[in-house]
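*Asks:* My structure is in query_13.cif, and what it holds is mmCIF, C-alpha atoms; chains and numbers go by the auth columns:
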```cif
data_my_file
loop_
_atom_site.group_PDB
_atom_site.id
_atom_site.type_symbol
_atom_site.label_atom_id
_atom_site.label_comp_id
_atom_site.label_asym_id
_atom_site.label_seq_id
_atom_site.Cartn_x
_atom_site.Cartn_y
_atom_site.Cartn_z
_atom_site.B_iso_or_equiv
_atom_site.auth_seq_id
_atom_site.auth_asym_id
ATOM 1 C CA MET A 1 6.253 -10.239 -10.603 0.00 1 A
ATOM 2 C CA GLU A 2 2.914 -11.958 -10.052 0.00 2 A
ATOM 3 C CA GLU A 3 0.157 -9.779 -8.655 0.00 3 A
ATOM 4 C CA ILE A 4 -1.925 -11.321 -5.866 0.00 4 A
ATOM 5 C CA LYS A 5 -5.477 -9.958 -5.878 0.00 5 A
ATOM 6 C CA THR A 6 -8.394 -9.936 -3.476 0.00 6 A
ATOM 7 C CA GLN A 7 -11.175 -7.542 -2.542 0.00 7 A
ATOM 8 C CA THR A 8 -12.911 -6.378 0.600 0.00 8 A
ATOM 9 C CA HIS A 9 -15.909 -4.366 1.734 0.00 9 A
ATOM 10 C CA GLY A 10 -14.634 -0.969 2.848 0.00 10 A
ATOM 11 C CA ALA A 11 -13.327 2.362 1.645 0.00 11 A
ATOM 12 C CA LEU A 12 -9.831 3.456 0.653 0.00 12 A
ATOM 13 C CA ILE A 13 -8.799 7.054 1.060 0.00 13 A
ATOM 14 C CA GLU A 14 -5.432 8.798 0.888 0.00 14 A
ATOM 15 C CA VAL A 15 -4.795 10.952 3.932 0.00 15 A
ATOM 16 C CA LEU A 16 -1.501 12.878 3.959 0.00 16 A
ATOM 17 C CA ASP A 17 -0.205 10.606 1.149 0.00 17 A
ATOM 18 C CA THR A 18 -0.992 7.544 3.283 0.00 18 A
ATOM 19 C CA GLY A 19 -3.469 4.975 2.019 0.00 19 A
ATOM 20 C CA VAL A 20 -6.053 4.235 4.719 0.00 20 A
ATOM 21 C CA LEU A 21 -8.316 1.219 4.366 0.00 21 A
ATOM 22 C CA LEU A 22 -11.517 1.905 6.309 0.00 22 A
ATOM 23 C CA LEU A 23 -13.241 -1.291 7.450 0.00 23 A
ATOM 24 C CA GLY A 24 -16.298 -2.042 9.551 0.00 24 A
ATOM 25 C CA ARG A 25 -19.773 -3.485 9.360 0.00 25 A
ATOM 26 C CA SER A 26 -22.252 -2.165 6.821 0.00 26 A
ATOM 27 C CA GLY A 27 -23.775 1.118 8.015 0.00 27 A
ATOM 28 C CA ILE A 28 -21.037 1.932 10.573 0.00 28 A
ATOM 29 C CA GLY A 29 -20.083 5.171 8.755 0.00 29 A
ATOM 30 C CA LYS A 30 -17.173 4.367 6.441 0.00 30 A
ATOM 31 C CA SER A 31 -18.549 6.383 3.517 0.00 31 A
ATOM 32 C CA GLU A 32 -19.539 9.320 5.723 0.00 32 A
ATOM 33 C CA CYS A 33 -16.033 9.297 7.198 0.00 33 A
ATOM 34 C CA ALA A 34 -14.588 9.264 3.673 0.00 34 A
ATOM 35 C CA LEU A 35 -16.802 12.226 2.732 0.00 35 A
ATOM 36 C CA ASP A 36 -15.603 14.175 5.794 0.00 36 A
ATOM 37 C CA LEU A 37 -12.001 13.431 4.828 0.00 37 A
ATOM 38 C CA ILE A 38 -12.607 14.533 1.214 0.00 38 A
ATOM 39 C CA GLN A 39 -14.025 17.811 2.484 0.00 39 A
ATOM 40 C CA ARG A 40 -10.781 18.235 4.451 0.00 40 A
ATOM 41 C CA GLY A 41 -8.733 17.918 1.249 0.00 41 A
ATOM 42 C CA HIS A 42 -7.972 14.193 1.147 0.00 42 A
ATOM 43 C CA VAL A 43 -8.499 11.868 -1.836 0.00 43 A
ATOM 44 C CA LEU A 44 -10.919 8.971 -2.415 0.00 44 A
ATOM 45 C CA VAL A 45 -9.662 5.831 -4.111 0.00 45 A
ATOM 46 C CA ALA A 46 -12.574 3.442 -3.505 0.00 46 A
ATOM 47 C CA ASP A 47 -15.889 3.204 -1.681 0.00 47 A
ATOM 48 C CA ASP A 48 -17.870 0.062 -0.871 0.00 48 A
ATOM 49 C CA ARG A 49 -15.652 -2.460 -2.706 0.00 49 A
ATOM 50 C CA VAL A 50 -11.870 -2.175 -2.570 0.00 50 A
ATOM 51 C CA LYS A 51 -9.879 -4.299 -4.993 0.00 51 A
ATOM 52 C CA ILE A 52 -6.506 -5.119 -3.448 0.00 52 A
ATOM 53 C CA ALA A 53 -3.417 -6.084 -5.420 0.00 53 A
ATOM 54 C CA ARG A 54 -0.102 -7.115 -3.920 0.00 54 A
ATOM 55 C CA ARG A 55 2.886 -5.740 -5.775 0.00 55 A
ATOM 56 C CA GLY A 56 6.012 -7.086 -4.149 0.00 56 A
ATOM 57 C CA ASP A 57 5.725 -6.248 -0.461 0.00 57 A
ATOM 58 C CA ARG A 58 3.229 -3.399 -1.011 0.00 58 A
ATOM 59 C CA LEU A 59 -0.551 -3.328 -1.388 0.00 59 A
ATOM 60 C CA VAL A 60 -2.370 -1.141 -3.869 0.00 60 A
ATOM 61 C CA GLY A 61 -6.116 -0.603 -3.884 0.00 61 A
ATOM 62 C CA SER A 62 -8.634 0.485 -6.486 0.00 62 A
ATOM 63 C CA ALA A 63 -12.388 0.501 -7.060 0.00 63 A
ATOM 64 C CA PRO A 64 -14.245 -1.702 -9.510 0.00 64 A
ATOM 65 C CA GLU A 65 -14.593 0.351 -12.696 0.00 65 A
ATOM 66 C CA MET A 66 -18.411 0.489 -12.536 0.00 66 A
ATOM 67 C CA ILE A 67 -18.404 2.299 -9.172 0.00 67 A
ATOM 68 C CA ARG A 68 -15.094 4.179 -9.471 0.00 68 A
ATOM 69 C CA TYR A 69 -15.330 7.791 -8.200 0.00 69 A
ATOM 70 C CA PHE A 70 -18.783 7.196 -6.653 0.00 70 A
ATOM 71 C CA LEU A 71 -19.569 7.499 -2.968 0.00 71 A
ATOM 72 C CA GLU A 72 -22.801 6.095 -1.529 0.00 72 A
ATOM 73 C CA ILE A 73 -24.278 8.143 1.289 0.00 73 A
ATOM 74 C CA ARG A 74 -27.432 6.764 2.898 0.00 74 A
ATOM 75 C CA GLY A 75 -30.226 9.317 2.696 0.00 75 A
ATOM 76 C CA ILE A 76 -28.615 11.095 -0.282 0.00 76 A
ATOM 77 C CA GLY A 77 -27.726 8.300 -2.676 0.00 77 A
ATOM 78 C CA LEU A 78 -24.829 7.927 -5.085 0.00 78 A
ATOM 79 C CA LEU A 79 -22.535 10.929 -5.383 0.00 79 A
ATOM 80 C CA TYR A 80 -20.207 11.278 -8.374 0.00 80 A
ATOM 81 C CA LEU A 81 -17.337 13.090 -6.679 0.00 81 A
ATOM 82 C CA PRO A 82 -15.607 14.688 -9.697 0.00 82 A
ATOM 83 C CA ASP A 83 -18.843 16.566 -10.477 0.00 83 A
ATOM 84 C CA LEU A 84 -19.397 17.682 -6.885 0.00 84 A
ATOM 85 C CA TYR A 85 -15.851 18.326 -5.619 0.00 85 A
ATOM 86 C CA GLY A 86 -13.617 18.334 -8.706 0.00 86 A
ATOM 87 C CA PRO A 87 -11.392 15.722 -10.336 0.00 87 A
ATOM 88 C CA GLU A 88 -8.581 16.244 -7.811 0.00 88 A
ATOM 89 C CA VAL A 89 -10.538 14.511 -5.005 0.00 89 A
ATOM 90 C CA VAL A 90 -10.400 11.078 -6.659 0.00 90 A
ATOM 91 C CA ARG A 91 -7.666 8.719 -7.773 0.00 91 A
ATOM 92 C CA SER A 92 -7.974 5.478 -9.727 0.00 92 A
ATOM 93 C CA GLU A 93 -5.615 3.586 -7.395 0.00 93 A
ATOM 94 C CA GLY A 94 -3.558 4.193 -4.313 0.00 94 A
ATOM 95 C CA PRO A 95 -1.386 2.537 -1.693 0.00 95 A
ATOM 96 C CA ILE A 96 -2.730 0.733 1.355 0.00 96 A
ATOM 97 C CA ASP A 97 -0.528 1.598 4.329 0.00 97 A
ATOM 98 C CA LEU A 98 -2.823 1.566 7.365 0.00 98 A
ATOM 99 C CA VAL A 99 -6.070 -0.159 8.340 0.00 99 A
ATOM 100 C CA CYS A 100 -8.645 1.715 10.432 0.00 100 A
ATOM 101 C CA ARG A 101 -11.397 -0.611 11.622 0.00 101 A
ATOM 102 C CA LEU A 102 -14.538 1.212 12.789 0.00 102 A
ATOM 103 C CA VAL A 103 -16.352 -0.491 15.659 0.00 103 A
ATOM 104 C CA GLU A 104 -19.560 0.635 17.270 0.00 104 A
ATOM 105 C CA TRP A 105 -18.777 2.108 20.678 0.00 105 A
ATOM 106 C CA SER A 106 -20.503 0.498 23.653 0.00 106 A
ATOM 107 C CA GLU A 107 -19.755 0.029 27.343 0.00 107 A
ATOM 108 C CA GLY A 108 -18.283 -3.480 27.013 0.00 108 A
ATOM 109 C CA VAL A 109 -15.942 -2.799 24.105 0.00 109 A
ATOM 110 C CA THR A 110 -12.315 -2.023 24.927 0.00 110 A
ATOM 111 C CA PHE A 111 -10.122 0.148 22.753 0.00 111 A
ATOM 112 C CA ASP A 112 -6.359 0.682 22.954 0.00 112 A
ATOM 113 C CA ARG A 113 -5.738 3.599 25.292 0.00 113 A
ATOM 114 C CA ILE A 114 -1.916 3.573 25.368 0.00 114 A
ATOM 115 C CA GLY A 115 -0.764 2.693 21.846 0.00 115 A
ATOM 116 C CA ALA A 116 2.528 1.110 22.854 0.00 116 A
ATOM 117 C CA GLN A 117 2.245 -1.627 20.219 0.00 117 A
ATOM 118 C CA ARG A 118 0.202 -1.295 17.056 0.00 118 A
ATOM 119 C CA ALA A 119 -1.975 -4.309 16.238 0.00 119 A
ATOM 120 C CA ARG A 120 -1.587 -5.768 12.726 0.00 120 A
ATOM 121 C CA GLU A 121 -3.879 -7.312 10.123 0.00 121 A
ATOM 122 C CA MET A 122 -2.958 -9.441 7.095 0.00 122 A
ATOM 123 C CA PHE A 123 -4.141 -8.731 3.557 0.00 123 A
ATOM 124 C CA ALA A 124 -2.848 -10.715 0.579 0.00 124 A
ATOM 125 C CA GLY A 125 0.072 -11.885 2.708 0.00 125 A
ATOM 126 C CA VAL A 126 1.103 -8.358 3.772 0.00 126 A
ATOM 127 C CA SER A 127 0.928 -7.326 7.429 0.00 127 A
ATOM 128 C CA LEU A 128 -0.509 -3.831 7.924 0.00 128 A
ATOM 129 C CA PRO A 129 -0.785 -1.710 11.069 0.00 129 A
ATOM 130 C CA LEU A 130 -4.319 -1.740 12.467 0.00 130 A
ATOM 131 C CA VAL A 131 -6.104 0.898 14.523 0.00 131 A
ATOM 132 C CA THR A 132 -9.549 0.070 15.922 0.00 132 A
ATOM 133 C CA LEU A 133 -11.605 3.237 16.297 0.00 133 A
ATOM 134 C CA PRO A 134 -14.868 3.847 18.162 0.00 134 A
ATOM 135 C CA ALA A 135 -17.723 4.967 15.922 0.00 135 A
ATOM 136 C CA ARG A 136 -20.364 6.740 17.973 0.00 136 A
ATOM 137 C CA PRO A 137 -23.255 9.039 17.176 0.00 137 A
ATOM 138 C CA ALA A 138 -22.123 12.650 16.691 0.00 138 A
ATOM 139 C CA GLY A 139 -18.470 11.544 16.971 0.00 139 A
ATOM 140 C CA SER A 140 -15.908 12.632 14.406 0.00 140 A
ATOM 141 C CA VAL A 141 -14.410 9.458 13.005 0.00 141 A
ATOM 142 C CA ALA A 142 -12.638 11.534 10.325 0.00 142 A
ATOM 143 C CA THR A 143 -10.722 13.369 13.052 0.00 143 A
ATOM 144 C CA LEU A 144 -9.734 10.019 14.578 0.00 144 A
ATOM 145 C CA VAL A 145 -8.591 8.699 11.180 0.00 145 A
ATOM 146 C CA GLU A 146 -6.489 11.833 10.556 0.00 146 A
ATOM 147 C CA ALA A 147 -4.915 11.516 14.025 0.00 147 A
ATOM 148 C CA SER A 148 -4.247 7.803 13.341 0.00 148 A
ATOM 149 C CA VAL A 149 -2.428 8.688 10.119 0.00 149 A
ATOM 150 C CA ARG A 150 -0.362 11.386 11.839 0.00 150 A
ATOM 151 C CA ASP A 151 0.538 8.882 14.575 0.00 151 A
ATOM 152 C CA HIS A 152 1.395 6.255 11.932 0.00 152 A
ATOM 153 C CA LEU A 153 3.739 8.712 10.196 0.00 153 A
ATOM 154 C CA GLN A 154 5.307 9.739 13.528 0.00 154 A
ATOM 155 C CA ARG A 155 5.934 6.090 14.426 0.00 155 A
ATOM 156 C CA ALA A 156 7.911 5.744 11.182 0.00 156 A
ATOM 157 C CA ARG A 157 10.003 8.808 12.139 0.00 157 A
ATOM 158 C CA GLY A 158 10.609 8.136 15.818 0.00 158 A
ATOM 159 C CA ALA A 159 9.133 7.980 19.288 0.00 159 A
ATOM 160 C CA THR A 160 5.451 7.347 19.888 0.00 160 A
ATOM 161 C CA GLY A 161 3.378 9.125 22.507 0.00 161 A
ATOM 162 C CA ALA A 162 3.472 5.965 24.626 0.00 162 A
ATOM 163 C CA GLU A 163 7.277 5.813 24.414 0.00 163 A
ATOM 164 C CA ARG A 164 7.566 9.489 25.360 0.00 164 A
ATOM 165 C CA ILE A 165 5.384 9.126 28.445 0.00 165 A
ATOM 166 C CA ASP A 166 7.188 5.926 29.433 0.00 166 A
ATOM 167 C CA ALA A 167 10.570 7.704 29.213 0.00 167 A
ATOM 168 C CA ALA A 168 9.239 10.638 31.256 0.00 168 A
ATOM 169 C CA LEU A 169 7.855 8.297 33.931 0.00 169 A
ATOM 170 C CA ARG A 170 11.129 6.347 34.088 0.00 170 A
ATOM 171 C CA ALA A 171 13.103 9.571 34.452 0.00 171 A
ATOM 172 C CA LEU A 172 10.778 10.781 37.216 0.00 172 A
ATOM 173 C CA GLN A 173 10.999 7.457 39.031 0.00 173 A
ATOM 174 C CA ALA A 174 14.815 7.426 38.707 0.00 174 A
ATOM 175 C CA GLU A 175 14.963 10.987 40.048 0.00 175 A
ATOM 176 C CA ARG A 176 12.802 10.064 43.043 0.00 176 A
ATOM 177 C CA SER A 177 14.685 6.849 43.800 0.00 177 A
ATOM 178 C CA GLY A 178 18.125 8.364 43.300 0.00 178 A
ATOM 179 C CA GLY A 179 19.187 6.081 40.470 0.00 179 A
ATOM 180 C CA PRO A 180 18.236 4.753 37.045 0.00 180 A
ATOM 181 C CA LEU A 181 15.245 2.465 36.712 0.00 181 A
ATOM 182 C CA ARG A 182 16.123 -1.110 35.812 0.00 182 A
#
```
What would you get if you wrote out this structure as structure tokens?
*Replies:*
Amino acid sequence: MEEIKTQTHGALIEVLDTGVLLLGRSGIGKSECALDLIQRGHVLVADDRVKIARRGDRLVGSAPEMIRYFLEIRGIGLLYLPDLYGPEVVRSEGPIDLVCRLVEWSEGVTFDRIGAQRAREMFAGVSLPLVTLPARPAGSVATLVEASVRDHLQRARGATGAERIDAALRALQAERSGGPLR
């Protein structure tokens, strides 16, 4: 099967066995988020440049060999993760299952507050679920990424938070009106 390849500016990290492609403008905090996730026990696949290969209907990411296992942190420099955190915190390639796009938070920017439908983004002809997350000073983007992965996994298993609240509201309305909601 022919492999379709591309690359993007971002970071790829495995969180709970789910490949998360972190995207956003330069300096938004992708590498710092990746470092926070590594310190929580997750695994880095790529930082700065993510090579993407399509294998059938799946995407796999890796880092260019020259920068594999390195993480660039502004103010510190290049960190070679196997030396600092051990060889178990890096992987040469991993799946891409979810896209988390980091966007600078400001008053005029709107973010999904219900989560009924997950937005999608195309890479190499594969549609991936997309979560747009607010990056703000002193905020914990890593916590938001972990919660996004847990929500992504829950969506694959069953009801979302939005579906649960909708069902509860429908039941309450039916109870108050004396019949099922249509």
*Asks:* For this structure, which residues satisfy the selection - the PyMOL selection byres ((chain A and resi 26-38) around 8) - when it is evaluated on the file as given? I want them as a ChimeraX atom specification.
*Replies:* /A:10-11,13,15,22-25,39-44,47-48,71-73,89,102-104,135,140-142
*Asks:* Would you pick out the contacts of Ala119 of chain A at 8 Å or less, using only C-alpha atoms, so that residues sharing its chain but fewer than 2 positions from it are not included, and give the list as a ChimeraX atom specification?
*Replies:* /A:117,121,129-131
*Asks:* Record the distance separating atom CA of Pro134 of chain A and atom CA of Arg118 of chain A, expressed in Å with one decimal.
*Replies:*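 Calculated distance between atom CA of Pro134 of chain A and atom CA of Arg118 of chain A is 16.0 Å.
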*Asks:* Once you count only C-alpha atoms, what closest atom pair and distance in Å to one decimal does each residue of segment 95-120 of chain A within 12 Å of segment 152-174 of chain A have, with rows by chain and rising residue number, as a Markdown table?
*Replies:*
```
| residue | atom | partner | partner_atom | distance |
| --- | --- | --- | --- | --- |
| A:Asp97 | CA | A:His152 | CA | 9.1 |
| A:Leu98 | CA | A:His152 | CA | 7.8 |
| A:Val99 | CA | A:His152 | CA | 10.5 |
| A:Cys100 | CA | A:His152 | CA | 11.1 |
| A:Asp112 | CA | A:Ala162 | CA | 11.3 |
| A:Arg113 | CA | A:Ala162 | CA | 9.5 |
| A:Ile114 | CA | A:Ala162 | CA | 5.9 |
| A:Gly115 | CA | A:Ala162 | CA | 6.0 |
| A:Ala116 | CA | A:Ala162 | CA | 5.3 |
| A:Gln117 | CA | A:Ala162 | CA | 8.9 |
| A:Arg118 | CA | A:His152 | CA | 9.2 |
| A:Ala119 | CA | A:His152 | CA | 11.9 |
```
*Asks:* Set the distance at 9 Å and use all atoms listed in the file: which residues neighbour Ser62 of chain A once local chain neighbours fewer than 2 positions away are removed? I'd like the list as number ranges by chain.
*Replies:* A: 12, 45-46, 49-53, 60, 64-65, 68, 91-95
*Asks:* What does the file look like for those residues with C-alpha atoms, as a PDB file, keeping the file's coordinate frame?
*Replies:*
```pdb
ATOM      1  CA  LEU A  12      -9.831   3.456   0.653  1.00  0.00           C
ATOM      2  CA  VAL A  45      -9.662   5.831  -4.111  1.00  0.00           C
ATOM      3  CA  ALA A  46     -12.574   3.442  -3.505  1.00  0.00           C
ATOM      4  CA  ARG A  49     -15.652  -2.460  -2.706  1.00  0.00           C
ATOM      5  CA  VAL A  50     -11.870  -2.175  -2.570  1.00  0.00           C
ATOM      6  CA  LYS A  51      -9.879  -4.299  -4.993  1.00  0.00           C
ATOM      7  CA  ILE A  52      -6.506  -5.119  -3.448  1.00  0.00           C
ATOM      8  CA  ALA A  53      -3.417  -6.084  -5.420  1.00  0.00           C
ATOM      9  CA  VAL A  60      -2.370  -1.141  -3.869  1.00  0.00           C
ATOM     10  CA  PRO A  64     -14.245  -1.702  -9.510  1.00  0.00           C
ATOM     11  CA  GLU A  65     -14.593   0.351 -12.696  1.00  0.00           C
ATOM     12  CA  ARG A  68     -15.094   4.179  -9.471  1.00  0.00           C
ATOM     13  CA  ARG A  91      -7.666   8.719  -7.773  1.00  0.00           C
ATOM     14  CA  SER A  92      -7.974   5.478  -9.727  1.00  0.00           C
ATOM     15  CA  GLU A  93      -5.615   3.586  -7.395  1.00  0.00           C
ATOM     16  CA  GLY A  94      -3.558   4.193  -4.313  1.00  0.00           C
ATOM     17  CA  PRO A  95      -1.386   2.537  -1.693  1.00  0.00           C
TER      18      PRO A  95
END
```
*Asks:* Tell me which protein, DNA and RNA residues are within 9 Å of Phe70 of chain A, counting only C-alpha atoms, leaving out same-chain ones fewer than 6 positions away, and put them as a PyMOL selection string.
*Replies:* chain A and resi 46-47+78-82
